[in-house]
file protein_33.txt (compact mmCIF, C-alpha atoms)
# COMPACT_ATOMS: atom_id res chain seq x y z
CA MET A 674 -19.70 0.82 -25.59
CA PRO A 675 -18.19 1.53 -22.15
CA SER A 676 -20.52 1.19 -19.20
CA ARG A 677 -21.69 4.25 -17.27
CA ARG A 678 -19.60 3.12 -14.28
CA LEU A 679 -16.45 2.85 -16.45
CA ARG A 680 -17.04 6.32 -17.96
CA LEU A 681 -17.57 7.78 -14.48
CA ALA A 682 -14.40 6.11 -13.20
CA ALA A 683 -12.45 7.49 -16.16
CA ALA A 684 -13.81 10.99 -15.54
CA LEU A 685 -12.92 10.86 -11.85
CA THR A 686 -9.50 9.46 -12.73
CA GLY A 687 -9.02 12.48 -14.99
CA LEU A 688 -9.70 14.88 -12.15
CA VAL A 689 -7.12 13.19 -9.94
CA LEU A 690 -4.49 12.10 -12.45
CA ALA A 691 -4.11 14.96 -14.85
CA GLY A 692 -0.79 15.93 -13.32
CA PRO A 693 1.06 19.10 -12.57
CA ALA A 694 1.14 21.54 -15.46
CA ALA A 695 0.61 24.60 -13.28
CA ALA A 696 -2.88 23.35 -12.38
CA VAL A 697 -3.89 23.13 -16.01
CA GLN A 698 -6.51 20.40 -16.33
CA PHE A 699 -5.54 17.81 -18.92
CA ASN A 700 -8.19 15.64 -20.55
CA VAL A 701 -7.76 11.95 -19.80
CA ALA A 702 -8.61 9.44 -22.51
CA GLU A 703 -7.94 5.89 -23.58
CA VAL A 704 -7.72 4.63 -19.99
CA GLU A 705 -6.99 0.93 -19.79
CA ARG A 706 -6.51 -1.15 -16.65
CA HIS A 707 -3.58 -3.58 -16.32
CA GLY A 708 -3.82 -5.25 -12.89
CA ALA A 709 -2.99 -2.57 -10.29
CA TRP A 710 -1.78 -0.22 -13.04
CA GLN A 711 -3.50 1.88 -15.68
CA SER A 712 -2.28 3.37 -18.94
CA MET A 713 -3.76 6.54 -20.40
CA THR A 714 -3.36 9.49 -22.71
CA LEU A 715 -3.43 13.03 -21.31
CA SER A 716 -4.17 15.88 -23.70
CA LEU A 717 -4.56 19.63 -23.68
CA GLY A 718 -5.18 21.05 -27.12
CA GLU A 719 -2.44 19.58 -29.31
CA GLU A 720 -0.21 18.68 -26.33
CA ARG A 721 -0.08 14.97 -25.46
CA LEU A 722 1.42 13.05 -22.56
CA TYR A 723 1.26 9.31 -21.95
CA ARG A 724 1.17 7.79 -18.50
CA ALA A 725 1.42 4.41 -16.78
CA LEU A 726 0.15 4.73 -13.23
CA GLU A 727 -0.31 2.71 -10.05
CA GLY A 728 -3.03 4.25 -7.95
CA ASP A 729 -4.44 1.26 -6.08
CA ASN A 730 -2.25 1.13 -2.95
CA TYR A 731 -3.12 4.55 -1.50
CA ALA A 732 -6.32 6.56 -1.64
CA ASP A 733 -4.35 9.83 -1.62
CA ALA A 734 -1.24 9.04 -3.69
CA HIS A 735 -0.13 7.45 -6.95
CA PHE A 736 3.16 6.60 -8.65
CA SER A 737 3.54 7.09 -12.40
CA VAL A 738 5.88 6.71 -15.36
CA ASN A 739 5.37 9.45 -17.97
CA VAL A 740 6.51 10.20 -21.52
CA GLY A 741 5.78 12.79 -24.17
CA PRO A 742 6.09 12.93 -27.98
CA GLY A 743 9.62 13.64 -29.08
CA ALA A 744 10.90 12.34 -25.73
CA CYS A 745 9.49 8.81 -25.69
CA ASP A 746 12.90 7.46 -24.71
CA ALA A 747 13.20 9.83 -21.74
CA PRO A 748 10.49 8.76 -19.28
CA TRP A 749 10.17 10.51 -15.94
CA LEU A 750 8.99 9.03 -12.67
CA GLU A 751 6.62 10.97 -10.48
CA LEU A 752 4.78 10.52 -7.21
CA ARG A 753 1.72 12.61 -6.44
CA ALA A 754 0.17 12.89 -2.99
CA ASP A 755 -2.94 14.88 -2.12
CA LEU A 756 -2.35 17.82 0.21
CA GLY A 757 -6.01 18.57 0.75
CA GLU A 758 -5.67 22.27 -0.07
CA TYR A 759 -4.90 24.22 -3.21
CA GLN A 760 -1.43 25.70 -3.39
CA PRO A 761 -0.92 29.45 -3.89
CA GLN A 762 2.30 29.10 -5.90
CA SER A 763 4.42 26.75 -7.96
CA ARG A 764 7.71 26.10 -6.25
CA ARG A 765 10.34 23.53 -5.45
CA VAL A 766 9.94 22.84 -1.75
CA ASN A 767 12.97 20.63 -1.23
CA ARG A 768 15.49 18.29 -2.87
CA VAL A 769 16.03 15.10 -0.91
CA ALA A 770 17.80 11.76 -1.10
CA ALA A 771 15.62 9.03 -2.60
CA ASP A 772 15.91 5.27 -2.93
CA ILE A 773 13.73 3.00 -5.06
CA ARG A 774 13.92 -0.78 -5.00
CA VAL A 775 12.03 -3.44 -6.90
CA ASP A 776 11.62 -6.68 -4.92
CA GLU A 777 15.11 -7.62 -3.67
CA LYS A 778 16.92 -6.20 -6.69
CA THR A 779 19.16 -3.14 -7.05
CA ILE A 780 18.71 -0.19 -4.68
CA HIS A 781 18.45 2.80 -7.01
CA SER A 782 19.71 5.84 -5.12
CA GLY A 783 19.37 9.37 -6.34
CA GLN A 784 17.58 12.62 -5.64
CA ALA A 785 13.97 13.72 -5.65
CA ASP A 786 12.47 17.17 -6.02
CA PHE A 787 9.45 17.94 -3.84
CA ARG A 788 7.29 20.59 -5.48
CA THR A 789 3.88 22.17 -5.53
CA GLU A 790 1.95 23.62 -8.45
CA ARG A 791 -0.13 26.78 -8.19
CA GLY A 792 -3.85 26.02 -8.13
CA ASP A 793 -3.28 22.28 -7.60
CA ASP A 794 -4.00 20.40 -4.38
CA GLY A 795 -1.21 17.90 -4.95
CA PHE A 796 2.36 17.53 -3.81
CA TYR A 797 4.69 16.20 -6.51
CA VAL A 798 7.91 14.25 -6.24
CA GLN A 799 10.06 13.93 -9.38
CA PHE A 800 12.93 11.46 -9.26
CA ASP A 801 16.44 11.88 -10.62
CA LEU A 802 18.02 8.41 -10.68
CA PRO A 803 21.27 7.61 -12.50
CA GLU A 804 20.26 4.06 -13.53
CA GLN A 805 16.64 4.70 -14.42
CA PRO A 806 16.59 2.39 -17.51
CA LEU A 807 17.59 -0.56 -15.27
CA LEU A 808 14.92 0.42 -12.74
CA LEU A 809 12.23 0.54 -15.45
CA ASP A 810 13.32 -2.90 -16.68
CA GLU A 811 13.11 -4.26 -13.12
CA MET A 812 9.66 -2.68 -12.70
CA ARG A 813 8.39 -4.53 -15.78
CA ARG A 814 9.19 -7.90 -14.21
CA GLY A 815 8.88 -7.17 -10.49
CA GLU A 816 6.13 -7.51 -7.92
CA ILE A 817 6.68 -4.68 -5.42
CA LEU A 818 8.22 -1.20 -5.73
CA ARG A 819 9.52 0.34 -2.50
CA LEU A 820 10.31 4.04 -2.05
CA ARG A 821 12.28 5.76 0.66
CA LEU A 822 12.42 9.54 0.66
CA MET A 823 14.54 11.29 3.28
CA ARG A 824 12.53 14.34 4.33
CA GLY A 825 15.20 15.15 6.92
CA PRO A 826 18.32 13.60 8.50
CA ASP A 827 16.31 11.11 10.58
CA ASP A 828 12.94 11.43 8.87
CA PRO A 829 12.40 8.79 6.17
CA TRP A 830 9.10 8.46 4.32
CA PHE A 831 8.37 4.96 3.03
CA MET A 832 5.82 3.92 0.41
CA VAL A 833 5.11 0.64 -1.36
CA PHE A 834 3.42 0.17 -4.74
CA SER A 835 2.29 -2.97 -6.54
CA LEU A 836 3.90 -3.73 -9.88
CA ASP A 837 1.08 -6.03 -11.01
CA GLY A 838 0.44 -4.86 -14.59
CA ALA A 839 3.29 -2.31 -14.68
CA GLY A 840 4.97 -3.93 -17.69
CA GLU A 841 1.78 -3.99 -19.73
CA ALA A 842 0.90 -0.41 -18.75
CA MET A 843 4.38 0.87 -19.66
CA ASP A 844 4.34 -1.04 -22.97
CA ARG A 845 0.99 0.52 -23.91
CA MET A 846 2.22 3.96 -22.82
CA MET A 847 5.29 3.61 -25.06
CA GLN A 848 3.23 2.37 -28.03
CA ALA A 849 0.97 5.42 -27.71
CA CYS A 850 3.96 7.77 -27.50
CA ARG A 851 5.77 6.56 -30.60
CA PRO A 852 4.52 8.10 -33.85
CA ARG A 853 2.64 5.74 -36.12
CA GLU A 854 4.49 4.93 -39.32

call {"tool": "encode", "arguments": {"input": "protein_33.txt", "output": "structure tokens"}}
result
Amino acid sequence: MPSRRLRLAAALTGLVLAGPAAAVQFNVAEVERHGAWQSMTLSLGEERLYRALEGDNYADAHFSVNVGPGACDAPWLELRADLGEYQPQSRRVNRVAADIRVDEKTIHSGQADFRTERGDDGFYVQFDLPEQPLLLDEMRRGEILRLRLMRGPDDPWFMVFSLDGAGEAMDRMMQACRPRE
């Protein structure tokens, strides 16, 4: 039986981690910790999403890998940062250059969409990277994930996330996503 503290942590995690679906609150279940990462199931009615998430490095931001049934082989990467105020509309704010690097491995360059969701107090960044399968493989074995987002011509935004437990969290996420036979 989970302790009261663990249940409270899972409930609070649900409030923060439910993700953007136009400020629809997903239920968070089956949360398991893997080092600095967590794996979980998000649900809303019959809809299910599965997430592996690093939320230890920043109090106001987390980085996640996400999949859904029928698209288990098409994960998407997302960064969420708290804005501190609820947004009046869902919109794409900007599309910027983005680089992600694991340890001293490949620099994965691509694009990132900055967006807000109506009724949500978060700012979301979704990544479009041409070699994402290689990046995910590097994340499974790496130690540090580094992000650089170019908010403007001379305005980079850098973030660093631990990869301690990322492989285990992503494995569990994928096992949950695949239908049981």

call {"tool": "closest_residue", "arguments": {"input": "protein_33.txt", "among": "A:Ser716, A:Ser737, A:Gln762, A:Gln848", "to": "Met812 (chain A)", "atoms": "only C-alpha atoms"}}
result
A:Ser737

call {"tool": "atom_distance", "arguments": {"input": "protein_33.txt", "atom1": "CA of Tyr797 (chain A)", "atom2": "CA of Pro852 (chain A)"}}
result
28.5 Å

call {"tool": "residues_around", "arguments": {"input": "protein_33.txt", "residues": "Leu807 (chain A)", "least_positions_apart": "3", "cutoff": "9 Å", "atoms": "all atoms listed in the file", "output": "PDB file with C-alpha atoms, in the frame of the given file"}}
result
ATOM      1  CA  THR A 779      19.160  -3.140  -7.050  1.00  0.00           C
ATOM      2  CA  HIS A 781      18.450   2.800  -7.010  1.00  0.00           C
ATOM      3  CA  GLU A 804      20.260   4.060 -13.530  1.00  0.00           C
ATOM      4  CA  ASP A 810      13.320  -2.900 -16.680  1.00  0.00           C
ATOM      5  CA  GLU A 811      13.110  -4.260 -13.120  1.00  0.00           C
ATOM      6  CA  MET A 812       9.660  -2.680 -12.700  1.00  0.00           C
TER       7      MET A 812
END

call {"tool": "closest_residue", "arguments": {"input": "protein_33.txt", "among": "A:Glu758, A:Asp844, A:Asp828, A:Glu816", "to": "Ala709 (chain A)", "atoms": "only C-alpha atoms"}}
result
A:Glu816

call {"tool": "closest_residue", "arguments": {"input": "protein_33.txt", "among": "A:Arg813, A:Arg845, A:Arg721, A:Arg821", "to": "Phe800 (chain A)", "atoms": "all atoms listed in the file"}}
result
A:Arg821

call {"tool": "residues_near_point", "arguments": {"input": "protein_33.txt", "point": "(8.1, -4.6, -2.7)", "cutoff": "9 Å", "atoms": "all atoms listed in the file", "output": "compact mmCIF listing (two decimals) with C-alpha atoms, in the coordinates of the input"}}
result
# COMPACT_ATOMS: atom_id res chain seq x y z
CA ARG A 774 13.92 -0.78 -5.00
CA VAL A 775 12.03 -3.44 -6.90
CA ASP A 776 11.62 -6.68 -4.92
CA GLU A 777 15.11 -7.62 -3.67
CA GLY A 815 8.88 -7.17 -10.49
CA GLU A 816 6.13 -7.51 -7.92
CA ILE A 817 6.68 -4.68 -5.42
CA LEU A 818 8.22 -1.20 -5.73
CA ARG A 819 9.52 0.34 -2.50
CA LEU A 820 10.31 4.04 -2.05
CA VAL A 833 5.11 0.64 -1.36
CA PHE A 834 3.42 0.17 -4.74
CA SER A 835 2.29 -2.97 -6.54
CA LEU A 836 3.90 -3.73 -9.88

call {"tool": "atom_distance", "arguments": {"input": "protein_33.txt", "atom1": "CA of Gln698 (chain A)", "atom2": "CA of Gly795 (chain A)"}}
result
12.8 Å

call {"tool": "closest_residue", "arguments": {"input": "protein_33.txt", "among": "A:Met843, A:Leu809, A:Leu717, A:Ile773", "to": "Trp830 (chain A)", "atoms": "only C-alpha atoms"}}
result
A:Ile773

call {"tool": "residues_around", "arguments": {"input": "protein_33.txt", "residues": "Asp733 (chain A)", "least_positions_apart": "4", "cutoff": "9 Å", "atoms": "only C-alpha atoms", "output": "PyMOL selection string"}}
result
chain A and resi 728+753-756

call {"tool": "closest_residue", "arguments": {"input": "protein_33.txt", "among": "A:Leu822, A:Leu722, A:Val766, A:Val701", "to": "Cys745 (chain A)", "atoms": "all atoms listed in the file"}}
result
A:Leu722

call {"tool": "build_atoms", "arguments": {"input": "protein_33.txt", "residues": "region 799-823 of chain A", "atoms": "N, CA and C atoms", "output": "PDB file, in the coordinates of the input"}}
result
ATOM      1  N   GLN A 799       9.438  14.395  -8.139  1.00  0.00           N
ATOM      2  CA  GLN A 799      10.060  13.930  -9.380  1.00  0.00           C
ATOM      3  C   GLN A 799      11.425  13.377  -9.041  1.00  0.00           C
ATOM      4  N   PHE A 800      11.718  12.205  -9.602  1.00  0.00           N
ATOM      5  CA  PHE A 800      12.930  11.460  -9.260  1.00  0.00           C
ATOM      6  C   PHE A 800      14.024  11.689 -10.293  1.00  0.00           C
ATOM      7  N   ASP A 801      15.248  11.784  -9.794  1.00  0.00           N
ATOM      8  CA  ASP A 801      16.440  11.880 -10.620  1.00  0.00           C
ATOM      9  C   ASP A 801      17.335  10.714 -10.200  1.00  0.00           C
ATOM     10  N   LEU A 802      17.305   9.644 -11.005  1.00  0.00           N
ATOM     11  CA  LEU A 802      18.020   8.410 -10.680  1.00  0.00           C
ATOM     12  C   LEU A 802      18.994   8.077 -11.791  1.00  0.00           C
ATOM     13  N   PRO A 803      20.266   7.853 -11.464  1.00  0.00           N
ATOM     14  CA  PRO A 803      21.270   7.610 -12.500  1.00  0.00           C
ATOM     15  C   PRO A 803      21.025   6.359 -13.349  1.00  0.00           C
ATOM     16  N   GLU A 804      20.457   5.305 -12.783  1.00  0.00           N
ATOM     17  CA  GLU A 804      20.260   4.060 -13.530  1.00  0.00           C
ATOM     18  C   GLU A 804      18.777   3.805 -13.794  1.00  0.00           C
ATOM     19  N   GLN A 805      18.076   4.822 -14.225  1.00  0.00           N
ATOM     20  CA  GLN A 805      16.640   4.700 -14.420  1.00  0.00           C
ATOM     21  C   GLN A 805      16.259   3.624 -15.452  1.00  0.00           C
ATOM     22  N   PRO A 806      16.981   3.461 -16.580  1.00  0.00           N
ATOM     23  CA  PRO A 806      16.590   2.390 -17.510  1.00  0.00           C
ATOM     24  C   PRO A 806      16.593   0.997 -16.850  1.00  0.00           C
ATOM     25  N   LEU A 807      17.563   0.723 -15.992  1.00  0.00           N
ATOM     26  CA  LEU A 807      17.590  -0.560 -15.270  1.00  0.00           C
ATOM     27  C   LEU A 807      16.389  -0.660 -14.336  1.00  0.00           C
ATOM     28  N   LEU A 808      16.071   0.416 -13.638  1.00  0.00           N
ATOM     29  CA  LEU A 808      14.920   0.420 -12.740  1.00  0.00           C
ATOM     30  C   LEU A 808      13.636   0.123 -13.525  1.00  0.00           C
ATOM     31  N   LEU A 809      13.435   0.769 -14.653  1.00  0.00           N
ATOM     32  CA  LEU A 809      12.230   0.540 -15.450  1.00  0.00           C
ATOM     33  C   LEU A 809      12.147  -0.905 -15.914  1.00  0.00           C
ATOM     34  N   ASP A 810      13.280  -1.491 -16.286  1.00  0.00           N
ATOM     35  CA  ASP A 810      13.320  -2.900 -16.680  1.00  0.00           C
ATOM     36  C   ASP A 810      12.936  -3.785 -15.491  1.00  0.00           C
ATOM     37  N   GLU A 811      13.458  -3.484 -14.320  1.00  0.00           N
ATOM     38  CA  GLU A 811      13.110  -4.260 -13.120  1.00  0.00           C
ATOM     39  C   GLU A 811      11.624  -4.109 -12.784  1.00  0.00           C
ATOM     40  N   MET A 812      11.079  -2.918 -12.983  1.00  0.00           N
ATOM     41  CA  MET A 812       9.660  -2.680 -12.700  1.00  0.00           C
ATOM     42  C   MET A 812       8.765  -3.538 -13.602  1.00  0.00           C
ATOM     43  N   ARG A 813       9.181  -3.740 -14.836  1.00  0.00           N
ATOM     44  CA  ARG A 813       8.390  -4.530 -15.780  1.00  0.00           C
ATOM     45  C   ARG A 813       8.215  -5.972 -15.326  1.00  0.00           C
ATOM     46  N   ARG A 814       9.209  -6.498 -14.603  1.00  0.00           N
ATOM     47  CA  ARG A 814       9.190  -7.900 -14.210  1.00  0.00           C
ATOM     48  C   ARG A 814       8.963  -8.118 -12.717  1.00  0.00           C
ATOM     49  N   GLY A 815       8.954  -7.035 -11.938  1.00  0.00           N
ATOM     50  CA  GLY A 815       8.880  -7.170 -10.490  1.00  0.00           C
ATOM     51  C   GLY A 815       7.474  -7.281  -9.945  1.00  0.00           C
ATOM     52  N   GLU A 816       7.413  -7.406  -8.609  1.00  0.00           N
ATOM     53  CA  GLU A 816       6.130  -7.510  -7.920  1.00  0.00           C
ATOM     54  C   GLU A 816       5.834  -6.304  -7.037  1.00  0.00           C
ATOM     55  N   ILE A 817       6.868  -5.776  -6.377  1.00  0.00           N
ATOM     56  CA  ILE A 817       6.680  -4.680  -5.420  1.00  0.00           C
ATOM     57  C   ILE A 817       7.742  -3.603  -5.653  1.00  0.00           C
ATOM     58  N   LEU A 818       7.314  -2.338  -5.650  1.00  0.00           N
ATOM     59  CA  LEU A 818       8.220  -1.200  -5.730  1.00  0.00           C
ATOM     60  C   LEU A 818       8.214  -0.513  -4.367  1.00  0.00           C
ATOM     61  N   ARG A 819       9.393  -0.311  -3.811  1.00  0.00           N
ATOM     62  CA  ARG A 819       9.520   0.340  -2.500  1.00  0.00           C
ATOM     63  C   ARG A 819      10.237   1.675  -2.664  1.00  0.00           C
ATOM     64  N   LEU A 820       9.698   2.704  -2.031  1.00  0.00           N
ATOM     65  CA  LEU A 820      10.310   4.040  -2.050  1.00  0.00           C
ATOM     66  C   LEU A 820      10.747   4.423  -0.658  1.00  0.00           C
ATOM     67  N   ARG A 821      11.877   5.106  -0.588  1.00  0.00           N
ATOM     68  CA  ARG A 821      12.280   5.760   0.660  1.00  0.00           C
ATOM     69  C   ARG A 821      12.739   7.160   0.282  1.00  0.00           C
ATOM     70  N   LEU A 822      12.081   8.131   0.866  1.00  0.00           N
ATOM     71  CA  LEU A 822      12.420   9.540   0.660  1.00  0.00           C
ATOM     72  C   LEU A 822      12.865  10.099   1.997  1.00  0.00           C
ATOM     73  N   MET A 823      14.005  10.731   2.029  1.00  0.00           N
ATOM     74  CA  MET A 823      14.540  11.290   3.280  1.00  0.00           C
ATOM     75  C   MET A 823      14.120  12.742   3.404  1.00  0.00           C
TER      76      MET A 823
END
